[in-house]
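Asker: Got a structure here, written out as structure tokens. Questions coming.
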Number of protein chains: 2
Amino acid sequence: MSDTQLTDFLAACGERIEAALEAWLPPEQAPPAKLHRAMRYAVLGGGKRVRPTLVYATAVAVGLAPAAVNAIACAVEMIHAYSLIHDDLPAMDDDDLRRGRPTCHKAFDEATAILAGDALMTQAFLVLARDETLAVGPAVRLAMIDRLAWASGSRGMAGGQAMDLEAEGQEIDLITLENIHIHKTGALIRASVNMASQAAPELAPELADRLDRYAKCLGLAFQIRDDILDIEAPTEILGKTHGKDQAQFKATYPALMGLDAARQAAADLVGEALASLEPFDAKADPLRWIALYIVQRDR
Amino acid sequence: MSDTQLTDFLAACGERIEAALEAWLPPEQAPPAKLHRAMRYAVLGGGKRVRPTLVYATAVAVGLAPAAVNAIACAVEMIHAYSLIHDDLPAMDDDDLRRGRPTCHKAFDEATAILAGDALMTQAFLVLARDETLAVGPAVRLAMIDRLAWASGSRGMAGGQAMDLEAEGQEIDLITLENIHIHKTGALIRASVNMASQAAPELAPELADRLDRYAKCLGLAFQIRDDILDIEAPTEILGKTHGKDQAQFKATYPALMGLDAARQAAADLVGEALASLEPFDAKADPLRWIALYIVQRDR
């Protein structure tokens with residue numbers, strides 16, 4: 001991989017998702033204006049767009065045009081943005097900074113932030129149900145909605161956040177920590193890749209399974225890297241508060257297994273992710289670049 | 001209408017929705033157990049079940065068996081329950097009592113309440129996408145998901161709650177108040193009736209429109225009655241804090257138009273709701289009973 005290829009791909013995905021989100025977010029002037037401003041504030045103009053990028057890269061790997069999966073990219077990013085808004089609330093992780101700016105409840109108020117999260121979640125399902133550029137039949141579309149609802153709910157992302165809160169201040173082991181992350185961040189990352197596979201219904205199930213394994217490994221590697229960055233990266237690069245996990249005595253991979261072992265675990269998972277892609281040709285290169293980027297990123 | 005007929009119908013709907021919800025809520029023992037307990041606490045064993053009852057009554061009116069629309073009844077009640085959990089939070093309406101019991105964030109904690117609401121919302125969409133007893137094709141099912149997402153989001157229920165919060169402590173006029181309620185409570189009530197109509201795709205569009213008009217009138221009448229009850233009914237009958245609206249200087253129908261005029265407005269709307277049902281035969285009687293019940297209920 002050349003750095004330019006990855007940079008170009010990320011930039012193209014970034015522009016594409018920004019335009020898709022812009023098109024699907026209610027206009028700022030439409031009432032209730034404050035709620036719509038808060039939704040747009042939380043979603044537009046920031047974030048690494050990891051999940052939409054994975055959606056686009058998976059689409060390319062299975063022979064689809066990125067434009068064919070805009071709705072999926074939009075939906076997963078809206079779900080992700082809603083979860084960040086709610087996780088940052090005082091009753092949850094109580095964070096003031098996100099993507100280098102005040103969190104939604106700081107920029108607006110708590111009530112508006114709660115509602116903006118709620119409304120973004122429903123909007124994600126609306127996009128999947130309604131977006132006409134998603135060229136799949138209604139049965140496949142329903143399967144995607146099913147996938148997203150499962151991945152976001154109490155057995156997926158929301159459940160992972162609940163587990164994380166319960167574990168706070170407790171001594172937990174590596175298996176428990178992994179279980180938290182499989183749900184909290186892993187479920188939506190996997191769903192992003194799964195839904196993009198679903199958009200190519202003629203894809204061989206074995207290949208869809210391999211993409212799923214890629215996503216599973218990548219999700220965990222991503223979280224381990226996040227934990228390492230919380231220690232290593234300064235707040236101004238991170239865009240969120242540095243050292244937050246340690247300050248809250250949160251269990252993290254570096255805390256449980258040491259920094260070097262955590263780095264090795266992330267590298268091993270990325271290796272496994274890459275191995276899962278073996279049957280794929282060069283069209284899967286963006287997925288390969290993303291895997292390498294995950295462990296190298298500094299924010 | 002005899003009182004027995006209505007009582008029997010309400011009881012049958014109550015049992016039916018309770019069983020359907022029980023079947024679709026995650027078991028209490030499944031991890032994360034606290035989150036699942038909170039979801040079940042907020043949904044099971046209480047509430048008037050107005051929306052599911054409307055779903056069942058509409059199904060009967062259009063010639064369907066109530067069992068055919070269990071998934072719809074479940075989905076709207078989960079959305080309603082999530083909205084109550086979030087509305088009751090300290091950052092929103094800050095209420096301690098709901099359905100005669102401590103609110104979800106009082107019985108558990110704020111973080112769990114926020115997540116329980118989030119997870120109930122995703123579960124509603126999961127039920128609609130997945131429930132096999134909903135005997136409609138995938139295209140109709142998608143249209144229902146679209147309808148529910150629109151009715152719950154920033155242009156519907158969540159938007160209505162945002163408008164309501166913005167109006168707090170402000171002098172607003174009757175048109176603004178009505179606009180709040182059309183969104184805050186009306187949208188989901190209308191969607192309940194609309195989705196049940198959608199379950200009978202062969203229903204003439206003119207009849208579906210009439211059912212929609214019924215629901216629109218009923219939703220407003222319901223809210224006006226709610227406002228009146230906040231003044232008239234004691235806390236122990238209401239199951240939520242009496243006089244809350246007045247204490248918070250909230251605009252209500254009785255406050256804006258006087259108690260007698262508010263009663264008259266509710267009665268007029270119920271009259272209009274009943275008139276909308278004229279082309280329907282006796283199968284629509286449960287819808288008629290509900291309309292009369294709305295203005296007569298004392299909690």
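Each chain in the structure tokens gets a letter, A, B, ..., in the order shown, and its residues are numbered from 1; ligands are numbered from 1 in order too.
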Can you write out as a Markdown table which residues of chain A fall within 7 Å of chain B, alongside each residue's closest atom pair and its distance in Å to one decimal, counting only C-alpha atoms and ordering rows by chain and ascending residue number?

Answerer:
```
| residue | atom | partner | partner_atom | distance |
| --- | --- | --- | --- | --- |
| A:Pro32 | CA | B:Gly159 | CA | 6.0 |
| A:Leu35 | CA | B:Ala162 | CA | 6.6 |
| A:Ala91 | CA | B:Ala111 | CA | 5.2 |
| A:Met92 | CA | B:Ala111 | CA | 5.3 |
| A:Glu110 | CA | B:Ala91 | CA | 5.8 |
| A:Ala111 | CA | B:Ala91 | CA | 5.2 |
| A:Thr112 | CA | B:Ala162 | CA | 6.8 |
| A:Leu115 | CA | B:Ala158 | CA | 6.1 |
| A:Ala119 | CA | B:Gly153 | CA | 4.6 |
| A:Thr122 | CA | B:Ala149 | CA | 5.1 |
| A:Gln123 | CA | B:Gly153 | CA | 6.5 |
| A:Phe125 | CA | B:Ala149 | CA | 6.4 |
| A:Leu126 | CA | B:Asp146 | CA | 5.4 |
| A:Ala129 | CA | B:Asp146 | CA | 5.6 |
| A:Arg130 | CA | B:Asp146 | CA | 6.7 |
| A:Pro138 | CA | B:Ala139 | CA | 5.4 |
| A:Ala139 | CA | B:Pro138 | CA | 5.4 |
| A:Leu142 | CA | B:Ala129 | CA | 5.8 |
| A:Ile145 | CA | B:Ala129 | CA | 6.7 |
| A:Asp146 | CA | B:Leu126 | CA | 5.4 |
| A:Ala149 | CA | B:Thr122 | CA | 5.1 |
| A:Trp150 | CA | B:Leu126 | CA | 6.7 |
| A:Ser152 | CA | B:Thr122 | CA | 6.7 |
| A:Gly153 | CA | B:Ala119 | CA | 4.6 |
| A:Ser154 | CA | B:Ala119 | CA | 5.2 |
| A:Ala158 | CA | B:Leu115 | CA | 6.1 |
| A:Gly159 | CA | B:Pro32 | CA | 6.0 |
| A:Ala162 | CA | B:Leu35 | CA | 6.6 |
| A:Met163 | CA | B:Pro32 | CA | 6.1 |
```

Asker: The coordinates of chain B, once least-squares superposed on chain A over all sequentially paired C-alpha atoms, should be supplied as an mmCIF file with C-alpha atoms, in the first residue's frame.

Answerer:
```cif
data_model
loop_
_atom_site.group_PDB
_atom_site.id
_atom_site.type_symbol
_atom_site.label_atom_id
_atom_site.label_comp_id
_atom_site.auth_asym_id
_atom_site.auth_seq_id
_atom_site.Cartn_x
_atom_site.Cartn_y
_atom_site.Cartn_z
ATOM 1 C CA MET B 1 0.016 0.035 -0.094
ATOM 2 C CA SER B 2 1.196 3.542 -0.785
ATOM 3 C CA ASP B 3 0.166 6.203 1.689
ATOM 4 C CA THR B 4 -1.396 8.151 -1.170
ATOM 5 C CA GLN B 5 -3.757 5.326 -2.080
ATOM 6 C CA LEU B 6 -5.118 5.108 1.450
ATOM 7 C CA THR B 7 -5.277 8.875 1.851
ATOM 8 C CA ASP B 8 -7.133 9.200 -1.442
ATOM 9 C CA PHE B 9 -9.553 6.424 -0.545
ATOM 10 C CA LEU B 10 -10.273 7.876 2.900
ATOM 11 C CA ALA B 11 -10.770 11.334 1.410
ATOM 12 C CA ALA B 12 -13.144 10.033 -1.247
ATOM 13 C CA CYS B 13 -15.164 8.126 1.360
ATOM 14 C CA GLY B 14 -15.181 11.182 3.600
ATOM 15 C CA GLU B 15 -16.614 13.383 0.868
ATOM 16 C CA ARG B 16 -19.131 10.769 -0.168
ATOM 17 C CA ILE B 17 -20.487 10.141 3.324
ATOM 18 C CA GLU B 18 -20.615 13.854 4.104
ATOM 19 C CA ALA B 19 -22.799 14.464 1.038
ATOM 20 C CA ALA B 20 -25.007 11.478 1.813
ATOM 21 C CA LEU B 21 -25.493 12.539 5.435
ATOM 22 C CA GLU B 22 -26.190 16.122 4.391
ATOM 23 C CA ALA B 23 -28.903 14.874 2.047
ATOM 24 C CA TRP B 24 -30.554 12.745 4.727
ATOM 25 C CA LEU B 25 -30.376 15.086 7.722
ATOM 26 C CA PRO B 26 -33.338 17.425 8.238
ATOM 27 C CA PRO B 27 -32.528 21.022 7.196
ATOM 28 C CA GLU B 28 -31.369 23.358 9.935
ATOM 29 C CA GLN B 29 -34.256 25.778 9.400
ATOM 30 C CA ALA B 30 -36.997 23.152 9.627
ATOM 31 C CA PRO B 31 -38.776 23.120 12.987
ATOM 32 C CA PRO B 32 -37.886 22.059 15.584
ATOM 33 C CA ALA B 33 -34.789 24.007 14.525
ATOM 34 C CA LYS B 34 -32.751 23.493 17.695
ATOM 35 C CA LEU B 35 -33.183 19.740 17.534
ATOM 36 C CA HIS B 36 -32.207 19.688 13.876
ATOM 37 C CA ARG B 37 -29.173 21.876 14.533
ATOM 38 C CA ALA B 38 -28.100 19.470 17.280
ATOM 39 C CA MET B 39 -28.527 16.449 15.000
ATOM 40 C CA ARG B 40 -26.449 18.104 12.282
ATOM 41 C CA TYR B 41 -23.831 19.314 14.765
ATOM 42 C CA ALA B 42 -23.312 15.796 16.074
ATOM 43 C CA VAL B 43 -23.111 14.159 12.664
ATOM 44 C CA LEU B 44 -21.556 16.554 10.156
ATOM 45 C CA GLY B 45 -18.030 17.822 9.752
ATOM 46 C CA GLY B 46 -16.048 15.486 11.909
ATOM 47 C CA GLY B 47 -15.160 12.001 12.953
ATOM 48 C CA LYS B 48 -12.982 9.391 11.340
ATOM 49 C CA ARG B 49 -15.943 7.877 9.446
ATOM 50 C CA VAL B 50 -14.533 4.409 10.089
ATOM 51 C CA ARG B 51 -17.877 2.648 9.681
ATOM 52 C CA PRO B 52 -18.958 4.342 6.426
ATOM 53 C CA THR B 53 -15.445 3.784 5.055
ATOM 54 C CA LEU B 54 -15.786 0.077 5.849
ATOM 55 C CA VAL B 55 -19.159 0.033 4.118
ATOM 56 C CA TYR B 56 -17.679 1.578 0.976
ATOM 57 C CA ALA B 57 -14.558 -0.596 1.040
ATOM 58 C CA THR B 58 -16.660 -3.757 1.423
ATOM 59 C CA ALA B 59 -18.881 -2.652 -1.455
ATOM 60 C CA VAL B 60 -15.812 -2.222 -3.662
ATOM 61 C CA ALA B 61 -14.491 -5.630 -2.571
ATOM 62 C CA VAL B 62 -17.701 -7.370 -3.626
ATOM 63 C CA GLY B 63 -17.872 -5.531 -6.943
ATOM 64 C CA LEU B 64 -20.412 -2.815 -6.158
ATOM 65 C CA ALA B 65 -20.098 0.895 -6.796
ATOM 66 C CA PRO B 66 -19.745 2.948 -3.591
ATOM 67 C CA ALA B 67 -22.793 4.972 -4.670
ATOM 68 C CA ALA B 68 -24.872 1.797 -4.324
ATOM 69 C CA VAL B 69 -24.313 1.653 -0.561
ATOM 70 C CA ASN B 70 -24.623 5.313 0.446
ATOM 71 C CA ALA B 71 -27.777 4.522 2.411
ATOM 72 C CA ILE B 72 -25.985 1.860 4.451
ATOM 73 C CA ALA B 73 -23.032 4.169 5.145
ATOM 74 C CA CYS B 74 -25.446 6.875 6.218
ATOM 75 C CA ALA B 75 -27.441 4.602 8.495
ATOM 76 C CA VAL B 76 -24.441 3.173 10.359
ATOM 77 C CA GLU B 77 -22.883 6.614 10.832
ATOM 78 C CA MET B 78 -26.168 7.976 12.214
ATOM 79 C CA ILE B 79 -26.337 5.080 14.667
ATOM 80 C CA HIS B 80 -22.704 5.662 15.622
ATOM 81 C CA ALA B 81 -23.294 9.409 16.092
ATOM 82 C CA TYR B 82 -26.376 8.793 18.251
ATOM 83 C CA SER B 83 -24.384 6.404 20.436
ATOM 84 C CA LEU B 84 -21.623 8.975 20.922
ATOM 85 C CA ILE B 85 -24.152 11.655 21.920
ATOM 86 C CA HIS B 86 -25.748 9.400 24.526
ATOM 87 C CA ASP B 87 -22.450 7.920 25.764
ATOM 88 C CA ASP B 88 -21.064 11.419 26.352
ATOM 89 C CA LEU B 89 -23.995 12.467 28.593
ATOM 90 C CA PRO B 90 -23.260 13.290 32.246
ATOM 91 C CA ALA B 91 -25.182 10.205 33.400
ATOM 92 C CA MET B 92 -22.969 8.030 31.176
ATOM 93 C CA ASP B 93 -19.306 8.781 30.416
ATOM 94 C CA ASP B 94 -19.697 12.514 31.190
ATOM 95 C CA ASP B 95 -17.412 13.869 28.499
ATOM 96 C CA ASP B 96 -17.099 17.497 27.403
ATOM 97 C CA LEU B 97 -15.040 17.028 24.266
ATOM 98 C CA ARG B 98 -15.711 14.988 21.138
ATOM 99 C CA ARG B 99 -14.140 15.272 17.703
ATOM 100 C CA GLY B 100 -12.237 18.322 18.972
ATOM 101 C CA ARG B 101 -15.422 20.239 19.812
ATOM 102 C CA PRO B 102 -17.776 20.471 22.779
ATOM 103 C CA THR B 103 -19.970 17.393 23.067
ATOM 104 C CA CYS B 104 -23.594 17.765 21.936
ATOM 105 C CA HIS B 105 -25.018 18.299 25.423
ATOM 106 C CA LYS B 106 -22.357 20.972 26.062
ATOM 107 C CA ALA B 107 -22.987 22.777 22.756
ATOM 108 C CA PHE B 108 -26.781 22.542 23.264
ATOM 109 C CA ASP B 109 -28.288 21.071 26.421
ATOM 110 C CA GLU B 110 -28.888 17.625 27.856
ATOM 111 C CA ALA B 111 -32.519 17.318 26.833
ATOM 112 C CA THR B 112 -31.737 18.334 23.258
ATOM 113 C CA ALA B 113 -28.805 15.912 23.179
ATOM 114 C CA ILE B 114 -30.956 12.997 24.341
ATOM 115 C CA LEU B 115 -33.596 13.799 21.722
ATOM 116 C CA ALA B 116 -31.020 14.382 18.965
ATOM 117 C CA GLY B 117 -29.654 10.901 19.659
ATOM 118 C CA ASP B 118 -33.139 9.408 19.627
ATOM 119 C CA ALA B 119 -34.055 11.146 16.383
ATOM 120 C CA LEU B 120 -30.802 10.111 14.687
ATOM 121 C CA MET B 121 -31.536 6.506 15.506
ATOM 122 C CA THR B 122 -34.995 6.607 13.922
ATOM 123 C CA GLN B 123 -33.537 8.489 10.949
ATOM 124 C CA ALA B 124 -31.079 5.632 10.363
ATOM 125 C CA PHE B 125 -33.959 3.196 9.974
ATOM 126 C CA LEU B 126 -35.856 5.674 7.810
ATOM 127 C CA VAL B 127 -32.889 5.948 5.438
ATOM 128 C CA LEU B 128 -32.631 2.171 5.093
ATOM 129 C CA ALA B 129 -36.376 1.839 4.518
ATOM 130 C CA ARG B 130 -36.679 4.735 2.097
ATOM 131 C CA ASP B 131 -33.444 5.531 0.219
ATOM 132 C CA GLU B 132 -34.091 4.786 -3.452
ATOM 133 C CA THR B 133 -30.430 4.613 -4.457
ATOM 134 C CA LEU B 134 -30.145 1.383 -2.448
ATOM 135 C CA ALA B 135 -30.704 -0.971 -5.358
ATOM 136 C CA VAL B 136 -31.825 -4.120 -3.537
ATOM 137 C CA GLY B 137 -35.202 -5.775 -3.243
ATOM 138 C CA PRO B 138 -37.442 -5.210 -0.209
ATOM 139 C CA ALA B 139 -36.534 -8.564 1.344
ATOM 140 C CA VAL B 140 -32.812 -7.726 1.354
ATOM 141 C CA ARG B 141 -33.566 -4.254 2.660
ATOM 142 C CA LEU B 142 -35.553 -5.798 5.526
ATOM 143 C CA ALA B 143 -32.654 -8.134 6.289
ATOM 144 C CA MET B 144 -30.415 -5.064 6.544
ATOM 145 C CA ILE B 145 -32.818 -3.337 8.931
ATOM 146 C CA ASP B 146 -32.925 -6.518 10.983
ATOM 147 C CA ARG B 147 -29.110 -6.655 11.006
ATOM 148 C CA LEU B 148 -28.774 -3.014 12.066
ATOM 149 C CA ALA B 149 -31.464 -3.232 14.757
ATOM 150 C CA TRP B 150 -29.876 -6.345 16.236
ATOM 151 C CA ALA B 151 -26.382 -4.836 16.167
ATOM 152 C CA SER B 152 -27.519 -1.590 17.838
ATOM 153 C CA GLY B 153 -29.804 -2.955 20.532
ATOM 154 C CA SER B 154 -29.480 -4.601 23.929
ATOM 155 C CA ARG B 155 -27.677 -7.640 22.438
ATOM 156 C CA GLY B 156 -25.325 -5.368 20.530
ATOM 157 C CA MET B 157 -24.015 -1.834 20.928
ATOM 158 C CA ALA B 158 -26.414 -0.561 23.626
ATOM 159 C CA GLY B 159 -25.826 -3.780 25.554
ATOM 160 C CA GLY B 160 -22.067 -3.275 25.286
ATOM 161 C CA GLN B 161 -22.343 0.209 26.726
ATOM 162 C CA ALA B 162 -24.451 -1.187 29.599
ATOM 163 C CA MET B 163 -21.801 -3.868 30.262
ATOM 164 C CA ASP B 164 -19.096 -1.204 30.168
ATOM 165 C CA LEU B 165 -20.911 0.932 32.748
ATOM 166 C CA GLU B 166 -21.469 -2.078 34.995
ATOM 167 C CA ALA B 167 -17.767 -2.925 34.812
ATOM 168 C CA GLU B 168 -16.640 0.562 35.830
ATOM 169 C CA GLY B 169 -14.612 0.512 39.025
ATOM 170 C CA GLN B 170 -14.726 -3.302 39.038
ATOM 171 C CA GLU B 171 -11.851 -5.678 38.518
ATOM 172 C CA ILE B 172 -12.632 -7.492 35.288
ATOM 173 C CA ASP B 173 -10.666 -10.037 33.313
ATOM 174 C CA LEU B 174 -9.660 -10.060 29.668
ATOM 175 C CA ILE B 175 -12.593 -12.239 28.593
ATOM 176 C CA THR B 176 -15.079 -9.806 30.129
ATOM 177 C CA LEU B 177 -13.302 -6.844 28.562
ATOM 178 C CA GLU B 178 -13.362 -8.520 25.175
ATOM 179 C CA ASN B 179 -17.038 -9.312 25.575
ATOM 180 C CA ILE B 180 -17.738 -5.639 26.277
ATOM 181 C CA HIS B 181 -15.914 -4.516 23.162
ATOM 182 C CA ILE B 182 -17.391 -7.201 20.929
ATOM 183 C CA HIS B 183 -20.734 -5.611 21.747
ATOM 184 C CA LYS B 184 -19.923 -1.960 22.320
ATOM 185 C CA THR B 185 -17.878 -1.250 19.194
ATOM 186 C CA GLY B 186 -17.578 -4.594 17.425
ATOM 187 C CA ALA B 187 -21.267 -5.170 16.706
ATOM 188 C CA LEU B 188 -21.757 -2.027 14.626
ATOM 189 C CA ILE B 189 -18.453 -2.452 12.791
ATOM 190 C CA ARG B 190 -19.442 -6.006 11.869
ATOM 191 C CA ALA B 191 -22.921 -4.870 10.839
ATOM 192 C CA SER B 192 -21.344 -2.226 8.576
ATOM 193 C CA VAL B 193 -19.427 -4.882 6.677
ATOM 194 C CA ASN B 194 -22.315 -7.391 6.781
ATOM 195 C CA MET B 195 -24.851 -4.930 5.392
ATOM 196 C CA ALA B 196 -22.519 -3.986 2.541
ATOM 197 C CA SER B 197 -22.172 -7.728 1.771
ATOM 198 C CA GLN B 198 -25.958 -8.066 1.859
ATOM 199 C CA ALA B 199 -26.137 -5.416 -0.878
ATOM 200 C CA ALA B 200 -24.557 -8.017 -3.185
ATOM 201 C CA PRO B 201 -27.036 -10.888 -2.740
ATOM 202 C CA GLU B 202 -25.194 -13.045 -5.288
ATOM 203 C CA LEU B 203 -22.053 -13.061 -3.097
ATOM 204 C CA ALA B 204 -21.070 -16.609 -2.088
ATOM 205 C CA PRO B 205 -21.933 -17.236 1.595
ATOM 206 C CA GLU B 206 -18.366 -18.399 2.226
ATOM 207 C CA LEU B 207 -17.031 -15.033 1.059
ATOM 208 C CA ALA B 208 -19.600 -13.173 3.158
ATOM 209 C CA ASP B 209 -18.408 -15.217 6.154
ATOM 210 C CA ARG B 210 -14.820 -14.257 5.430
ATOM 211 C CA LEU B 211 -15.748 -10.590 5.310
ATOM 212 C CA ASP B 212 -17.554 -11.054 8.600
ATOM 213 C CA ARG B 213 -14.418 -12.590 10.153
ATOM 214 C CA TYR B 214 -12.385 -9.665 8.804
ATOM 215 C CA ALA B 215 -14.820 -7.244 10.479
ATOM 216 C CA LYS B 216 -14.793 -9.145 13.772
ATOM 217 C CA CYS B 217 -10.984 -9.025 14.004
ATOM 218 C CA LEU B 218 -10.854 -5.438 12.838
ATOM 219 C CA GLY B 219 -13.416 -4.306 15.416
ATOM 220 C CA LEU B 220 -11.354 -5.685 18.283
ATOM 221 C CA ALA B 221 -8.081 -4.361 16.862
ATOM 222 C CA PHE B 222 -9.702 -0.958 16.537
ATOM 223 C CA GLN B 223 -10.750 -0.975 20.187
ATOM 224 C CA ILE B 224 -7.329 -2.085 21.430
ATOM 225 C CA ARG B 225 -5.742 0.725 19.409
ATOM 226 C CA ASP B 226 -8.290 3.124 20.945
ATOM 227 C CA ASP B 227 -7.228 2.016 24.414
ATOM 228 C CA ILE B 228 -3.551 2.487 23.529
ATOM 229 C CA LEU B 229 -4.223 5.931 22.085
ATOM 230 C CA ASP B 230 -6.020 6.980 25.248
ATOM 231 C CA ILE B 231 -2.663 6.557 26.993
ATOM 232 C CA GLU B 232 -0.315 7.709 24.229
ATOM 233 C CA ALA B 233 -2.028 10.514 22.344
ATOM 234 C CA PRO B 234 -2.454 14.051 23.660
ATOM 235 C CA THR B 235 -5.961 15.540 23.816
ATOM 236 C CA GLU B 236 -5.354 17.992 20.965
ATOM 237 C CA ILE B 237 -4.604 15.181 18.519
ATOM 238 C CA LEU B 238 -7.195 12.775 19.912
ATOM 239 C CA GLY B 239 -10.054 15.270 19.734
ATOM 240 C CA LYS B 240 -11.377 13.807 22.969
ATOM 241 C CA THR B 241 -10.071 13.926 26.513
ATOM 242 C CA HIS B 242 -6.702 12.201 26.921
ATOM 243 C CA GLY B 243 -6.192 9.741 29.772
ATOM 244 C CA LYS B 244 -9.933 9.522 30.379
ATOM 245 C CA ASP B 245 -9.924 5.737 30.810
ATOM 246 C CA GLN B 246 -7.158 5.803 33.404
ATOM 247 C CA ALA B 247 -8.783 8.688 35.248
ATOM 248 C CA GLN B 248 -12.012 6.670 35.453
ATOM 249 C CA PHE B 249 -10.133 3.470 36.403
ATOM 250 C CA LYS B 250 -11.583 1.803 33.342
ATOM 251 C CA ALA B 251 -10.352 -1.613 32.390
ATOM 252 C CA THR B 252 -8.427 -1.379 29.121
ATOM 253 C CA TYR B 253 -6.241 -3.752 27.144
ATOM 254 C CA PRO B 254 -2.997 -1.983 28.122
ATOM 255 C CA ALA B 255 -4.073 -1.996 31.769
ATOM 256 C CA LEU B 256 -4.913 -5.710 31.724
ATOM 257 C CA MET B 257 -2.099 -7.061 29.529
ATOM 258 C CA GLY B 258 0.539 -4.320 29.383
ATOM 259 C CA LEU B 259 1.215 -1.856 26.571
ATOM 260 C CA ASP B 260 3.517 -4.088 24.512
ATOM 261 C CA ALA B 261 1.233 -7.105 24.676
ATOM 262 C CA ALA B 262 -1.725 -4.896 23.716
ATOM 263 C CA ARG B 263 0.194 -3.655 20.666
ATOM 264 C CA GLN B 264 0.993 -7.253 19.743
ATOM 265 C CA ALA B 265 -2.632 -8.339 20.173
ATOM 266 C CA ALA B 266 -3.780 -5.570 17.846
ATOM 267 C CA ALA B 267 -1.157 -6.548 15.271
ATOM 268 C CA ASP B 268 -2.182 -10.228 15.497
ATOM 269 C CA LEU B 269 -5.837 -9.366 14.963
ATOM 270 C CA VAL B 270 -4.981 -7.254 11.947
ATOM 271 C CA GLY B 271 -2.975 -10.194 10.608
ATOM 272 C CA GLU B 272 -6.016 -12.427 11.025
ATOM 273 C CA ALA B 273 -8.222 -9.828 9.355
ATOM 274 C CA LEU B 274 -5.871 -9.728 6.368
ATOM 275 C CA ALA B 275 -5.728 -13.525 6.187
ATOM 276 C CA SER B 276 -9.545 -13.613 5.993
ATOM 277 C CA LEU B 277 -9.336 -11.588 2.794
ATOM 278 C CA GLU B 278 -7.081 -14.106 0.992
ATOM 279 C CA PRO B 279 -9.707 -15.316 -1.524
ATOM 280 C CA PHE B 280 -10.406 -11.735 -2.584
ATOM 281 C CA ASP B 281 -8.606 -10.033 -5.462
ATOM 282 C CA ALA B 282 -7.191 -6.508 -5.627
ATOM 283 C CA LYS B 283 -10.690 -5.028 -5.295
ATOM 284 C CA ALA B 284 -10.390 -5.832 -1.584
ATOM 285 C CA ASP B 285 -7.273 -3.673 -1.259
ATOM 286 C CA PRO B 286 -9.134 -0.789 0.431
ATOM 287 C CA LEU B 287 -10.227 -3.240 3.142
ATOM 288 C CA ARG B 288 -6.552 -4.251 3.480
ATOM 289 C CA TRP B 289 -5.416 -0.630 3.721
ATOM 290 C CA ILE B 290 -8.009 0.085 6.402
ATOM 291 C CA ALA B 291 -6.812 -2.875 8.467
ATOM 292 C CA LEU B 292 -3.248 -1.584 8.404
ATOM 293 C CA TYR B 293 -4.389 1.952 9.088
ATOM 294 C CA ILE B 294 -6.339 0.838 12.175
ATOM 295 C CA VAL B 295 -3.178 -0.157 14.047
ATOM 296 C CA GLN B 296 -1.074 2.713 12.764
ATOM 297 C CA ARG B 297 -3.446 5.635 13.318
ATOM 298 C CA ASP B 298 -2.523 8.220 15.919
ATOM 299 C CA ARG B 299 -6.028 9.469 16.697
#
```

Asker: List every residue of region 91-175 of chain A that DSSP, applied to the backbone of this structure, places in helix (DSSP H, G or I), and write the result as JSON, numbers by chain.

Answerer: {"A": [104, 105, 106, 107, 110, 111, 112, 113, 114, 115, 116, 117, 118, 119, 120, 121, 122, 123, 124, 125, 126, 127, 128, 129, 130, 138, 139, 140, 141, 142, 143, 144, 145, 146, 147, 148, 149, 150, 151, 152, 157, 158, 159, 160, 161, 162, 163, 164, 165, 166, 167, 174, 175]}
